[in-house]
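Q: What follows is a structure written as structure tokens; I'll ask about it next.
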Amino acid sequence: MILGVSVDDVNSHKSFCAKEGLNFKLLADSNHAVVQKYGSIMEYNGMTLAARNTFLIDPTGMIRKVYLKVDPQGHSTEVLADLQQLQTTK
């Protein structure tokens, strides 16, 4: 399952998901609880944002891999390869 987390509100997500053609759920974390717990919060031009990090979490809830400051271009290929590797070493 793929989930995205943003500190923006639900209404802003609707237009963003439509504009970008996202095919996964984008969750609103407007109180910053999730991004703080994952250490994935950042400041940019006076705004508080969710850092563009990815966490690969197994079905038991264990974090298997962390990708910091990801570039969306090609990132899904990297994650899918790591997922496949984790499944074969199970």
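Every chain in the structure tokens has a letter given in the order shown (A, B, ...), and although residue numbers restart at 1 in each chain, ligands are simply numbered from 1 in the order shown.
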In chain A, what's strand (DSSP E or B) per DSSP? Answer as a PDB file with N, CA and C atoms, in the first residue's frame?
A:
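After the write, part_35.pdb holds the following:
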ATOM      1  N   LEU A   3       1.017   5.310   0.720  1.00  0.00           N
ATOM      2  CA  LEU A   3       0.370   6.471   1.321  1.00  0.00           C
ATOM      3  C   LEU A   3       1.335   7.638   1.289  1.00  0.00           C
ATOM      4  N   GLY A   4       0.820   8.805   1.013  1.00  0.00           N
ATOM      5  CA  GLY A   4       1.597  10.028   1.118  1.00  0.00           C
ATOM      6  C   GLY A   4       1.077  10.825   2.290  1.00  0.00           C
ATOM      7  N   VAL A   5       1.961  11.599   2.916  1.00  0.00           N
ATOM      8  CA  VAL A   5       1.559  12.440   4.046  1.00  0.00           C
ATOM      9  C   VAL A   5       2.041  13.852   3.771  1.00  0.00           C
ATOM     10  N   SER A   6       1.142  14.792   3.925  1.00  0.00           N
ATOM     11  CA  SER A   6       1.459  16.201   3.718  1.00  0.00           C
ATOM     12  C   SER A   6       0.870  17.002   4.870  1.00  0.00           C
ATOM     13  N   LYS A  25      -3.230   7.366  -1.989  1.00  0.00           N
ATOM     14  CA  LYS A  25      -3.870   8.257  -1.021  1.00  0.00           C
ATOM     15  C   LYS A  25      -2.856   9.234  -0.448  1.00  0.00           C
ATOM     16  N   LEU A  26      -3.269  10.487  -0.334  1.00  0.00           N
ATOM     17  CA  LEU A  26      -2.457  11.536   0.276  1.00  0.00           C
ATOM     18  C   LEU A  26      -3.175  11.968   1.540  1.00  0.00           C
ATOM     19  N   LEU A  27      -2.544  11.719   2.671  1.00  0.00           N
ATOM     20  CA  LEU A  27      -3.161  12.002   3.963  1.00  0.00           C
ATOM     21  C   LEU A  27      -2.790  13.393   4.458  1.00  0.00           C
ATOM     22  N   ALA A  28      -3.743  14.062   5.093  1.00  0.00           N
ATOM     23  CA  ALA A  28      -3.530  15.395   5.648  1.00  0.00           C
ATOM     24  C   ALA A  28      -3.035  15.271   7.084  1.00  0.00           C
ATOM     25  N   ILE A  41       9.981  16.568   9.103  1.00  0.00           N
ATOM     26  CA  ILE A  41       9.414  17.912   9.058  1.00  0.00           C
ATOM     27  C   ILE A  41      10.532  18.894   8.710  1.00  0.00           C
ATOM     28  N   MET A  42      10.210  19.906   7.946  1.00  0.00           N
ATOM     29  CA  MET A  42      11.225  20.882   7.555  1.00  0.00           C
ATOM     30  C   MET A  42      10.619  22.276   7.442  1.00  0.00           C
ATOM     31  N   GLU A  43      11.479  23.254   7.506  1.00  0.00           N
ATOM     32  CA  GLU A  43      11.086  24.647   7.311  1.00  0.00           C
ATOM     33  C   GLU A  43      11.636  25.109   5.964  1.00  0.00           C
ATOM     34  N   TYR A  44      10.801  25.834   5.218  1.00  0.00           N
ATOM     35  CA  TYR A  44      11.230  26.367   3.929  1.00  0.00           C
ATOM     36  C   TYR A  44      10.545  27.701   3.711  1.00  0.00           C
ATOM     37  N   MET A  47       7.761  28.471   6.015  1.00  0.00           N
ATOM     38  CA  MET A  47       6.640  27.531   6.044  1.00  0.00           C
ATOM     39  C   MET A  47       7.115  26.197   6.619  1.00  0.00           C
ATOM     40  N   THR A  48       6.224  25.518   7.323  1.00  0.00           N
ATOM     41  CA  THR A  48       6.498  24.176   7.814  1.00  0.00           C
ATOM     42  C   THR A  48       5.957  23.183   6.795  1.00  0.00           C
ATOM     43  N   LEU A  49       6.823  22.290   6.341  1.00  0.00           N
ATOM     44  CA  LEU A  49       6.459  21.327   5.310  1.00  0.00           C
ATOM     45  C   LEU A  49       6.865  19.923   5.724  1.00  0.00           C
ATOM     46  N   ALA A  50       6.270  18.951   5.084  1.00  0.00           N
ATOM     47  CA  ALA A  50       6.729  17.569   5.220  1.00  0.00           C
ATOM     48  C   ALA A  50       7.913  17.407   4.278  1.00  0.00           C
ATOM     49  N   THR A  54      10.856   8.978   2.059  1.00  0.00           N
ATOM     50  CA  THR A  54      10.063   7.775   1.879  1.00  0.00           C
ATOM     51  C   THR A  54      10.478   6.750   2.924  1.00  0.00           C
ATOM     52  N   PHE A  55       9.487   6.087   3.488  1.00  0.00           N
ATOM     53  CA  PHE A  55       9.728   5.040   4.477  1.00  0.00           C
ATOM     54  C   PHE A  55       9.106   3.756   3.952  1.00  0.00           C
ATOM     55  N   LEU A  56       9.917   2.734   3.827  1.00  0.00           N
ATOM     56  CA  LEU A  56       9.449   1.422   3.400  1.00  0.00           C
ATOM     57  C   LEU A  56       9.163   0.632   4.672  1.00  0.00           C
ATOM     58  N   ILE A  57       7.876   0.353   4.912  1.00  0.00           N
ATOM     59  CA  ILE A  57       7.431  -0.254   6.164  1.00  0.00           C
ATOM     60  C   ILE A  57       6.817  -1.612   5.854  1.00  0.00           C
ATOM     61  N   ILE A  63      10.126  -0.391  10.049  1.00  0.00           N
ATOM     62  CA  ILE A  63      10.708   0.391   8.960  1.00  0.00           C
ATOM     63  C   ILE A  63      11.893  -0.400   8.404  1.00  0.00           C
ATOM     64  N   ARG A  64      11.824  -0.735   7.127  1.00  0.00           N
ATOM     65  CA  ARG A  64      12.867  -1.533   6.475  1.00  0.00           C
ATOM     66  C   ARG A  64      13.897  -0.688   5.748  1.00  0.00           C
ATOM     67  N   LYS A  65      13.470   0.476   5.272  1.00  0.00           N
ATOM     68  CA  LYS A  65      14.399   1.342   4.555  1.00  0.00           C
ATOM     69  C   LYS A  65      13.874   2.772   4.595  1.00  0.00           C
ATOM     70  N   VAL A  66      14.807   3.720   4.660  1.00  0.00           N
ATOM     71  CA  VAL A  66      14.472   5.146   4.667  1.00  0.00           C
ATOM     72  C   VAL A  66      15.212   5.799   3.504  1.00  0.00           C
ATOM     73  N   TYR A  67      14.466   6.584   2.737  1.00  0.00           N
ATOM     74  CA  TYR A  67      15.033   7.348   1.629  1.00  0.00           C
ATOM     75  C   TYR A  67      14.852   8.822   1.980  1.00  0.00           C
TER      76      TYR A  67
END
Q: Using DSSP on the backbone, list every residue of chain A that comes out as helix (DSSP H, G or I), and give them as an MDAnalysis selection string.
A: chainID A and resid 10:20 33:37 75:88
Q: How far is it from CA of Gly21 (chain A) to CA of Asp82 (chain A), in Å with one decimal?
A: 24.0 Å
Q: Which is closer to Asn31 (chain A) than all the others in A:Leu83, A:Ala18, A:Val7, A:Asn45, using only C-alpha atoms?
A: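 Of the candidates, the smallest distance to Asn31 (chain A) is held by A:Val7.
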Q: Could you tell me how far CA of Val34 (chain A) lies from CA of Arg52 (chain A), in Å and to one decimal?
A: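 Pair CA of Val34 (chain A) / CA of Arg52 (chain A) returns 13.4 Å.
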Q: Please, what distance in Å, to one decimal, runs between CA of Val35 (chain A) and CA of Leu68 (chain A)?
A: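 Value for the CA of Val35 (chain A)-CA of Leu68 (chain A) distance: 13.1 Å.
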